[in-house]
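Dropping query35.pdb in here (PDB, C-alpha atoms and all ligand atoms):
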```pdb
ATOM      1  CA  MET K  20       0.016 -26.571  -1.845  1.00  0.00           C
ATOM      2  CA  LYS K  21      -1.955 -27.267  -5.009  1.00  0.00           C
ATOM      3  CA  SER K  22      -0.075 -28.511  -8.088  1.00  0.00           C
ATOM      4  CA  LEU K  23       0.440 -26.012 -10.899  1.00  0.00           C
ATOM      5  CA  SER K  24      -1.834 -27.977 -13.233  1.00  0.00           C
ATOM      6  CA  SER K  25      -4.625 -27.741 -10.684  1.00  0.00           C
ATOM      7  CA  LEU K  26      -4.086 -23.970 -10.557  1.00  0.00           C
ATOM      8  CA  LEU K  27      -4.640 -23.760 -14.319  1.00  0.00           C
ATOM      9  CA  LYS K  28      -7.751 -25.891 -13.981  1.00  0.00           C
ATOM     10  CA  SER K  29      -8.987 -23.710 -11.173  1.00  0.00           C
ATOM     11  CA  ASN K  30      -8.377 -20.637 -13.340  1.00  0.00           C
ATOM     12  CA  LYS K  31     -10.577 -22.086 -16.095  1.00  0.00           C
ATOM     13  CA  ASN K  32     -13.367 -22.686 -13.591  1.00  0.00           C
ATOM     14  CA  TRP K  33     -13.000 -19.175 -12.170  1.00  0.00           C
ATOM     15  CA  ALA K  34     -13.184 -17.510 -15.605  1.00  0.00           C
ATOM     16  CA  LYS K  35     -16.159 -19.679 -16.571  1.00  0.00           C
ATOM     17  CA  LYS K  36     -18.015 -18.817 -13.366  1.00  0.00           C
ATOM     18  CA  ILE K  37     -17.530 -15.067 -13.868  1.00  0.00           C
ATOM     19  CA  GLU K  38     -18.505 -15.246 -17.541  1.00  0.00           C
ATOM     20  CA  THR K  39     -21.643 -17.197 -16.600  1.00  0.00           C
ATOM     21  CA  THR K  40     -22.801 -14.702 -13.985  1.00  0.00           C
ATOM     22  CA  ASN K  41     -21.627 -11.659 -15.911  1.00  0.00           C
ATOM     23  CA  PRO K  42     -21.542 -12.372 -19.686  1.00  0.00           C
ATOM     24  CA  GLY K  43     -19.041 -10.187 -21.569  1.00  0.00           C
ATOM     25  CA  PHE K  44     -17.163  -9.284 -18.366  1.00  0.00           C
ATOM     26  CA  PHE K  45     -13.682  -9.997 -19.703  1.00  0.00           C
ATOM     27  CA  GLU K  46     -14.362  -8.657 -23.204  1.00  0.00           C
ATOM     28  CA  GLN K  47     -15.484  -5.360 -21.719  1.00  0.00           C
ATOM     29  CA  LEU K  48     -12.563  -5.206 -19.278  1.00  0.00           C
ATOM     30  CA  ALA K  49     -10.074  -5.914 -22.083  1.00  0.00           C
ATOM     31  CA  THR K  50     -10.852  -2.611 -23.776  1.00  0.00           C
ATOM     32  CA  GLN K  51     -10.027  -0.407 -20.786  1.00  0.00           C
ATOM     33  CA  GLN K  52      -9.415  -0.207 -17.051  1.00  0.00           C
ATOM     34  CA  SER K  53     -10.719   2.604 -14.909  1.00  0.00           C
ATOM     35  CA  PRO K  54      -9.926   1.763 -11.290  1.00  0.00           C
ATOM     36  CA  GLU K  55     -10.519   4.525  -8.750  1.00  0.00           C
ATOM     37  CA  ILE K  56      -8.058   3.121  -6.227  1.00  0.00           C
ATOM     38  CA  LEU K  57      -4.312   2.640  -6.122  1.00  0.00           C
ATOM     39  CA  TRP K  58      -3.455   0.089  -3.432  1.00  0.00           C
ATOM     40  CA  ILE K  59       0.087   0.078  -2.055  1.00  0.00           C
ATOM     41  CA  GLY K  60       0.411  -2.989   0.128  1.00  0.00           C
ATOM     42  CA  CYS K  61       2.774  -5.604   1.499  1.00  0.00           C
ATOM     43  CA  SER K  62       3.805  -8.610  -0.640  1.00  0.00           C
ATOM     44  CA  ASP K  63       2.659 -10.915   2.195  1.00  0.00           C
ATOM     45  CA  SER K  64       0.581 -13.779   0.762  1.00  0.00           C
ATOM     46  CA  ARG K  65      -2.054 -13.275   3.469  1.00  0.00           C
ATOM     47  CA  VAL K  66      -2.972  -9.779   2.280  1.00  0.00           C
ATOM     48  CA  PRO K  67      -4.418 -10.085  -1.248  1.00  0.00           C
ATOM     49  CA  ALA K  68      -5.677  -6.641  -2.282  1.00  0.00           C
ATOM     50  CA  ASN K  69      -8.878  -7.347  -4.229  1.00  0.00           C
ATOM     51  CA  GLN K  70     -10.004 -10.257  -2.102  1.00  0.00           C
ATOM     52  CA  ILE K  71     -10.008  -8.629   1.331  1.00  0.00           C
ATOM     53  CA  VAL K  72     -12.091  -5.669   0.188  1.00  0.00           C
ATOM     54  CA  GLY K  73     -14.343  -7.678  -2.133  1.00  0.00           C
ATOM     55  CA  LEU K  74     -13.303  -5.965  -5.359  1.00  0.00           C
ATOM     56  CA  ASP K  75     -13.403  -7.439  -8.864  1.00  0.00           C
ATOM     57  CA  PRO K  76     -10.712  -7.425 -11.551  1.00  0.00           C
ATOM     58  CA  GLY K  77     -10.503  -3.876 -12.923  1.00  0.00           C
ATOM     59  CA  ASP K  78     -11.409  -2.182  -9.630  1.00  0.00           C
ATOM     60  CA  VAL K  79      -8.015  -1.628  -8.046  1.00  0.00           C
ATOM     61  CA  PHE K  80      -4.532  -0.806  -9.363  1.00  0.00           C
ATOM     62  CA  VAL K  81      -2.002  -2.561  -7.176  1.00  0.00           C
ATOM     63  CA  HIS K  82       1.597  -2.155  -6.113  1.00  0.00           C
ATOM     64  CA  ARG K  83       3.023  -4.471  -3.477  1.00  0.00           C
ATOM     65  CA  ASN K  84       6.484  -4.797  -1.958  1.00  0.00           C
ATOM     66  CA  VAL K  85       7.978  -6.001   1.300  1.00  0.00           C
ATOM     67  CA  ALA K  86       6.443  -3.931   4.133  1.00  0.00           C
ATOM     68  CA  ASN K  87       4.538  -1.527   1.817  1.00  0.00           C
ATOM     69  CA  ILE K  88       7.326   1.028   1.542  1.00  0.00           C
ATOM     70  CA  VAL K  89       7.212   4.108  -0.680  1.00  0.00           C
ATOM     71  CA  ASN K  90      10.821   5.059  -1.251  1.00  0.00           C
ATOM     72  CA  GLN K  91      11.653   8.235  -3.161  1.00  0.00           C
ATOM     73  CA  THR K  92      14.286   6.444  -5.243  1.00  0.00           C
ATOM     74  CA  ASP K  93      12.188   3.366  -6.099  1.00  0.00           C
ATOM     75  CA  LEU K  94      11.423   3.839  -9.797  1.00  0.00           C
ATOM     76  CA  ASN K  95       9.080   0.873  -9.762  1.00  0.00           C
ATOM     77  CA  CYS K  96       6.789   2.294  -7.083  1.00  0.00           C
ATOM     78  CA  LEU K  97       7.071   5.869  -8.397  1.00  0.00           C
ATOM     79  CA  SER K  98       6.157   4.729 -11.919  1.00  0.00           C
ATOM     80  CA  VAL K  99       3.103   2.919 -10.565  1.00  0.00           C
ATOM     81  CA  ILE K 100       2.038   6.066  -8.700  1.00  0.00           C
ATOM     82  CA  GLN K 101       2.595   8.207 -11.807  1.00  0.00           C
ATOM     83  CA  TYR K 102       0.570   5.913 -14.059  1.00  0.00           C
ATOM     84  CA  ALA K 103      -2.218   5.596 -11.505  1.00  0.00           C
ATOM     85  CA  VAL K 104      -2.483   9.330 -10.800  1.00  0.00           C
ATOM     86  CA  GLU K 105      -1.762  10.843 -14.221  1.00  0.00           C
ATOM     87  CA  MET K 106      -3.187   8.268 -16.633  1.00  0.00           C
ATOM     88  CA  LEU K 107      -5.822   6.363 -14.672  1.00  0.00           C
ATOM     89  CA  ARG K 108      -6.637   9.390 -12.534  1.00  0.00           C
ATOM     90  CA  VAL K 109      -7.407   7.348  -9.445  1.00  0.00           C
ATOM     91  CA  LYS K 110      -9.225   9.220  -6.690  1.00  0.00           C
ATOM     92  CA  HIS K 111      -7.656   7.336  -3.799  1.00  0.00           C
ATOM     93  CA  VAL K 112      -4.188   6.053  -2.972  1.00  0.00           C
ATOM     94  CA  ILE K 113      -4.347   3.670  -0.023  1.00  0.00           C
ATOM     95  CA  VAL K 114      -1.234   2.506   1.794  1.00  0.00           C
ATOM     96  CA  VAL K 115      -2.229  -0.778   3.407  1.00  0.00           C
ATOM     97  CA  GLY K 116       0.047  -2.295   6.008  1.00  0.00           C
ATOM     98  CA  HIS K 117      -0.767  -5.314   8.129  1.00  0.00           C
ATOM     99  CA  TYR K 118      -0.253  -6.305  11.739  1.00  0.00           C
ATOM    100  CA  GLY K 119       2.413  -8.948  12.325  1.00  0.00           C
ATOM    101  CA  CYS K 120       4.332  -7.814   9.216  1.00  0.00           C
ATOM    102  CA  GLY K 121       7.508  -9.903   8.856  1.00  0.00           C
ATOM    103  CA  GLY K 122       9.383  -6.976   7.300  1.00  0.00           C
ATOM    104  CA  VAL K 123       8.549  -4.705  10.229  1.00  0.00           C
ATOM    105  CA  HIS K 124       9.461  -7.471  12.697  1.00  0.00           C
ATOM    106  CA  ALA K 125      12.841  -7.964  11.009  1.00  0.00           C
ATOM    107  CA  ALA K 126      13.483  -4.199  11.039  1.00  0.00           C
ATOM    108  CA  LEU K 127      12.990  -4.142  14.809  1.00  0.00           C
ATOM    109  CA  HIS K 128      15.830  -6.601  15.313  1.00  0.00           C
ATOM    110  CA  ASN K 129      19.522  -6.804  14.505  1.00  0.00           C
ATOM    111  CA  GLU K 130      19.811 -10.061  12.619  1.00  0.00           C
ATOM    112  CA  ASN K 131      21.748 -10.071   9.354  1.00  0.00           C
ATOM    113  CA  ASN K 132      19.191 -10.734   6.600  1.00  0.00           C
ATOM    114  CA  GLY K 133      21.442  -9.683   3.726  1.00  0.00           C
ATOM    115  CA  LEU K 134      20.309  -7.375   0.932  1.00  0.00           C
ATOM    116  CA  ILE K 135      16.814  -6.825   2.280  1.00  0.00           C
ATOM    117  CA  ASP K 136      18.215  -5.025   5.339  1.00  0.00           C
ATOM    118  CA  ASN K 137      18.856  -2.040   3.041  1.00  0.00           C
ATOM    119  CA  TRP K 138      15.163  -1.991   2.163  1.00  0.00           C
ATOM    120  CA  LEU K 139      14.088  -2.436   5.796  1.00  0.00           C
ATOM    121  CA  ARG K 140      16.348   0.462   6.778  1.00  0.00           C
ATOM    122  CA  ASN K 141      13.348   2.697   5.932  1.00  0.00           C
ATOM    123  CA  ILE K 142      11.468   1.136   8.838  1.00  0.00           C
ATOM    124  CA  LYS K 143      14.454   1.429  11.176  1.00  0.00           C
ATOM    125  CA  ASP K 144      14.443   5.176  10.403  1.00  0.00           C
ATOM    126  CA  THR K 145      10.771   5.333  11.403  1.00  0.00           C
ATOM    127  CA  TYR K 146      11.623   3.417  14.577  1.00  0.00           C
ATOM    128  CA  THR K 147      14.292   5.946  15.547  1.00  0.00           C
ATOM    129  CA  GLU K 148      11.830   8.800  14.929  1.00  0.00           C
ATOM    130  CA  HIS K 149       9.415   7.215  17.430  1.00  0.00           C
ATOM    131  CA  ASN K 150      11.721   5.309  19.764  1.00  0.00           C
ATOM    132  CA  ASP K 151      10.479   7.116  22.898  1.00  0.00           C
ATOM    133  CA  GLU K 152       6.955   5.801  22.293  1.00  0.00           C
ATOM    134  CA  LEU K 153       8.030   2.374  21.041  1.00  0.00           C
ATOM    135  CA  ASN K 154      10.508   1.661  23.833  1.00  0.00           C
ATOM    136  CA  LYS K 155       7.694   2.075  26.379  1.00  0.00           C
ATOM    137  CA  ILE K 156       5.854  -0.890  24.848  1.00  0.00           C
ATOM    138  CA  THR K 157       7.157  -4.004  26.583  1.00  0.00           C
ATOM    139  CA  ASN K 158       4.999  -6.542  24.735  1.00  0.00           C
ATOM    140  CA  GLU K 159       6.932  -7.584  21.624  1.00  0.00           C
ATOM    141  CA  GLU K 160       3.851  -8.239  19.463  1.00  0.00           C
ATOM    142  CA  GLN K 161       2.299  -4.893  20.404  1.00  0.00           C
ATOM    143  CA  LYS K 162       5.566  -3.115  19.630  1.00  0.00           C
ATOM    144  CA  VAL K 163       5.700  -4.671  16.139  1.00  0.00           C
ATOM    145  CA  ASP K 164       2.042  -3.808  15.549  1.00  0.00           C
ATOM    146  CA  ARG K 165       2.502  -0.175  16.588  1.00  0.00           C
ATOM    147  CA  LEU K 166       5.530   0.096  14.290  1.00  0.00           C
ATOM    148  CA  CYS K 167       3.339  -1.394  11.500  1.00  0.00           C
ATOM    149  CA  GLU K 168       0.946   1.545  12.034  1.00  0.00           C
ATOM    150  CA  LEU K 169       3.740   4.142  12.220  1.00  0.00           C
ATOM    151  CA  ASN K 170       5.274   2.700   9.044  1.00  0.00           C
ATOM    152  CA  VAL K 171       1.955   3.130   7.199  1.00  0.00           C
ATOM    153  CA  ILE K 172       1.657   6.734   8.403  1.00  0.00           C
ATOM    154  CA  LYS K 173       5.228   7.416   7.247  1.00  0.00           C
ATOM    155  CA  GLN K 174       4.496   5.930   3.809  1.00  0.00           C
ATOM    156  CA  VAL K 175       1.296   8.010   3.493  1.00  0.00           C
ATOM    157  CA  HIS K 176       3.492  11.106   3.890  1.00  0.00           C
ATOM    158  CA  ASN K 177       6.038   9.693   1.452  1.00  0.00           C
ATOM    159  CA  VAL K 178       3.265   9.305  -1.159  1.00  0.00           C
ATOM    160  CA  CYS K 179       2.135  12.894  -0.521  1.00  0.00           C
ATOM    161  CA  GLN K 180       5.686  14.161  -0.962  1.00  0.00           C
ATOM    162  CA  THR K 181       6.173  12.605  -4.408  1.00  0.00           C
ATOM    163  CA  THR K 182       6.390  15.028  -7.329  1.00  0.00           C
ATOM    164  CA  VAL K 183       3.466  13.163  -8.923  1.00  0.00           C
ATOM    165  CA  VAL K 184       1.048  13.801  -6.068  1.00  0.00           C
ATOM    166  CA  GLN K 185       2.351  17.337  -5.555  1.00  0.00           C
ATOM    167  CA  GLU K 186       1.732  18.158  -9.218  1.00  0.00           C
ATOM    168  CA  ALA K 187      -1.734  16.599  -9.117  1.00  0.00           C
ATOM    169  CA  TRP K 188      -2.709  18.731  -6.129  1.00  0.00           C
ATOM    170  CA  SER K 189      -1.227  21.867  -7.695  1.00  0.00           C
ATOM    171  CA  LYS K 190      -3.640  21.249 -10.599  1.00  0.00           C
ATOM    172  CA  GLN K 191      -6.572  20.799  -8.172  1.00  0.00           C
ATOM    173  CA  GLN K 192      -6.880  17.097  -9.054  1.00  0.00           C
ATOM    174  CA  ASN K 193      -9.220  15.209  -6.744  1.00  0.00           C
ATOM    175  CA  LEU K 194      -6.881  12.813  -4.940  1.00  0.00           C
ATOM    176  CA  THR K 195      -6.799  11.548  -1.360  1.00  0.00           C
ATOM    177  CA  VAL K 196      -4.078   9.456   0.254  1.00  0.00           C
ATOM    178  CA  HIS K 197      -5.143   7.094   3.061  1.00  0.00           C
ATOM    179  CA  GLY K 198      -3.492   4.773   5.592  1.00  0.00           C
ATOM    180  CA  TRP K 199      -4.993   1.426   6.584  1.00  0.00           C
ATOM    181  CA  VAL K 200      -3.759  -1.587   8.537  1.00  0.00           C
ATOM    182  CA  TYR K 201      -5.111  -5.087   7.953  1.00  0.00           C
ATOM    183  CA  GLY K 202      -5.433  -7.619  10.765  1.00  0.00           C
ATOM    184  CA  ILE K 203      -4.239 -11.030   9.606  1.00  0.00           C
ATOM    185  CA  LYS K 204      -5.759 -12.546  12.774  1.00  0.00           C
ATOM    186  CA  ASP K 205      -9.326 -11.342  12.137  1.00  0.00           C
ATOM    187  CA  GLY K 206      -9.408 -10.278   8.482  1.00  0.00           C
ATOM    188  CA  LEU K 207     -10.461  -6.758   9.397  1.00  0.00           C
ATOM    189  CA  ILE K 208      -9.027  -3.447   8.215  1.00  0.00           C
ATOM    190  CA  LYS K 209      -8.426  -0.524  10.571  1.00  0.00           C
ATOM    191  CA  ASP K 210      -8.540   2.978   9.067  1.00  0.00           C
ATOM    192  CA  LEU K 211      -5.765   4.971  10.755  1.00  0.00           C
ATOM    193  CA  ASN K 212      -7.641   8.196   9.947  1.00  0.00           C
ATOM    194  CA  VAL K 213      -4.609   9.883   8.463  1.00  0.00           C
ATOM    195  CA  SER K 214      -6.162  10.758   5.096  1.00  0.00           C
ATOM    196  CA  ILE K 215      -4.619  13.689   3.257  1.00  0.00           C
ATOM    197  CA  SER K 216      -6.294  15.329   0.259  1.00  0.00           C
ATOM    198  CA  SER K 217      -4.360  18.551  -0.201  1.00  0.00           C
ATOM    199  CA  ASN K 218      -1.045  20.242   0.389  1.00  0.00           C
ATOM    200  CA  LYS K 219      -2.257  21.759   3.630  1.00  0.00           C
ATOM    201  CA  LYS K 220      -0.981  18.781   5.610  1.00  0.00           C
ATOM    202  CA  THR K 221       2.387  18.466   3.871  1.00  0.00           C
ATOM    203  CA  ASP K 222       5.423  20.491   4.833  1.00  0.00           C
ATOM    204  CA  SER K 223       5.922  23.418   2.435  1.00  0.00           C
ATOM    205  CA  ILE K 224       9.431  22.277   1.516  1.00  0.00           C
ATOM    206  CA  TYR K 225       7.858  19.457  -0.542  1.00  0.00           C
ATOM    207  CA  HIS K 226       5.387  21.667  -2.396  1.00  0.00           C
ATOM    208  CA  ILE K 227       5.629  22.115  -6.152  1.00  0.00           C
ATOM    209  CA  ASN K 228       4.210  25.284  -7.648  1.00  0.00           C
ATOM    210  CA  ASN K 229       3.287  25.198 -11.304  1.00  0.00           C
TER     211      ASN K 229
HETATM  212 CO    CO V 301       4.222  -7.599   5.561  1.00  0.00          CO
END
```

This structure in C-alpha cells:
Amino acid sequence: MKSLSSLLKSNKNWAKKIETTNPGFFEQLATQQSPEILWIGCSDSRVPANQIVGLDPGDVFVHRNVANIVNQTDLNCLSVIQYAVEMLRVKHVIVVGHYGCGGVHAALHNENNGLIDNWLRNIKDTYTEHNDELNKITNEEQKVDRLCELNVIKQVHNVCQTTVVQEAWSKQQNLTVHGWVYGIKDGLIKDLNVSISSNKKTDSIYHINN
C-alpha cells in the first residue's frame, strides 16, 4: 500500500490534472451538486462507484455499506435516500451488488462473526425465501453469486417500500429504482432488469396515499 503522504501528493496531482483539462471545474462544483443518480453499493474496496461507470465528481450521490443492504430501520441509509430523492431529486436509484460479495458469503454460512451477523441477517432472510432454488445449486461460488443477485433484487424492493420513494411516486415524481450486479472478475456490470418506476410493481400494503 502507498504511504499516506504519497496519497496526499497523488491528490494534488489529480486536482491539478482536472483543473488543467477543465479550468474552473472545482469552483463550479463547489456552488452546487446536481447528480441524477443515487448509488447504493457495497463497501468493498473493489467496487468504487464513480470509477467503474466512468463518472466525475458531482455525478453520483453515493451510499455504501456491507453487502448493499437497505434496512427500514437504518437511519443513515434512509436519510441518504431522503436527501437524494427530495432535495437532489435524483432520477435513478441504483442498488449495485457484486459477485463474490464477502458479506453474502458470510451470510450463507454459520460462523460467528460477532456484531455484523445482525446486519447479515437480512441476507439470511433472503436465503430462506429462496432456499428451494439456492439449495439446488451445488457449486459454492455459483450459490453465493445467485444470492448476490437475489439480495440486490430484495434491496430494490426495500428501496421502493420506503416512505420517501412512496411519497415521491404519489406526487408523480420521475424516479426509477434499478438493480445491478458488478463482476469483480471482469469489471463488467450486469443489469438484472428489475427496474421499478411506479407503485404498480409494489404490494399495495406499502403504498402511501397523499
Ligand atoms: Co460486498

Next item on the list: Rank K:Ile37, K:Ala86, K:Leu194, K:Val112 by their smallest atom-to-atom distance to K:Trp138, using all atoms listed in the file, and report the top residue only.
Entry: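 Closest candidate: K:Ala86.
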
Item checked: the PyMOL selection byres (((not hetatm)) within 12 of (chain V and resi 301)) resolved against shown file, as a PyMOL selection string -> chain K and resi 59-67+83-88+115-126+139+142+163-164+166-168+170-171+200-203

Next item on the list: Record the distance separating atom CA of K:Ser29 and atom CA of K:His82, expressed in Å with one decimal.
Entry: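 Spanning atom CA of K:Ser29 to atom CA of K:His82 is a straight-line distance of 24.5 Å.
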
Checklist line | Interatomic distance (Å, one decimal) between atom CA of K:Lys110 and atom CA of K:Asn193 | finding: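 So the answer is 6.0 Å.
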
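Minimum distance to K:Leu107 across K:Leu134, K:Leu74, K:Leu57, K:Ile215 (counting all atoms listed in the file) occurs at K:Leu57.
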
Set the distance at 6 Å and use all atoms listed in the file: which residues neighbour K:Trp199 once local chain neighbours fewer than 3 positions away are removed? I'd like the list as a PDB file with C-alpha atoms, keeping the file's coordinate frame.
```
ATOM      1  CA  VAL K 115      -2.229  -0.778   3.407  1.00  0.00           C
ATOM      2  CA  LYS K 209      -8.426  -0.524  10.571  1.00  0.00           C
ATOM      3  CA  ASP K 210      -8.540   2.978   9.067  1.00  0.00           C
ATOM      4  CA  LEU K 211      -5.765   4.971  10.755  1.00  0.00           C
TER       5      LEU K 211
END
```

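Interatomic distance, atom CA of K:Gly198 against atom CA of K:Glu186: 20.6 Å.
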
Checklist line | Residues matched by the PyMOL selection byres (((chain K and resi 196) around 6) and not hetatm) as a ChimeraX atom specification | finding: /K:111-113,195,197,214-215

Closest contacts (stretch 56-79 of chain K/stretch 47-50 of chain K, max 12 Å, all atoms listed in the file) as a Markdown table:
```
| residue | atom | partner | partner_atom | distance |
| --- | --- | --- | --- | --- |
| K:Asp75 | CA | K:Leu48 | CA | 10.7 |
| K:Pro76 | CA | K:Leu48 | CA | 8.2 |
| K:Gly77 | CA | K:Leu48 | CA | 6.8 |
| K:Asp78 | CA | K:Leu48 | CA | 10.2 |
```

Checklist line | Nearest-residue call for K:Ile71, choices K:Asn129, K:Leu207, K:Val213, K:Asn90, using all atoms listed in the file | finding: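 Of the candidates, the smallest distance to K:Ile71 is held by K:Leu207.
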
Note to self: Please determine, counting all atoms listed in the file, which residue among K:Asp205, K:Glu160, K:Glu55, K:Glu46 has the shortest atom-to-atom distance to K:Val104.
What the structure shows: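 The closest residue to K:Val104 is K:Glu55.
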
Check: What lies within 9 Å of stretch 182-184 of chain K using all atoms listed in the file, ignoring chain neighbours under 3 positions off, as a list of chain:residue names?
Finding: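 Result of the neighbour search: K:Leu97, K:Ile100, K:Gln101, K:Val104, K:Glu105, K:Val178, K:Cys179, K:Ala187, K:Trp188, K:Ser189, K:Leu194, K:Tyr225, K:His226, K:Ile227.
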
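In terms of minimum interatomic distance to K:Val89, K:Val114 ranks closest within K:Met20, K:Val72, K:Leu153, K:Val114, counting only C-alpha atoms.
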
Check: Counting all atoms listed in the file, what is within 12 Å of K:Ala34, bar same-chain residues fewer than 6 positions away, as a list of chain:residue names?
Finding: K:Leu27, K:Lys28, K:Thr40, K:Asn41, K:Pro42, K:Gly43, K:Phe44, K:Phe45, K:Glu46, K:Pro76
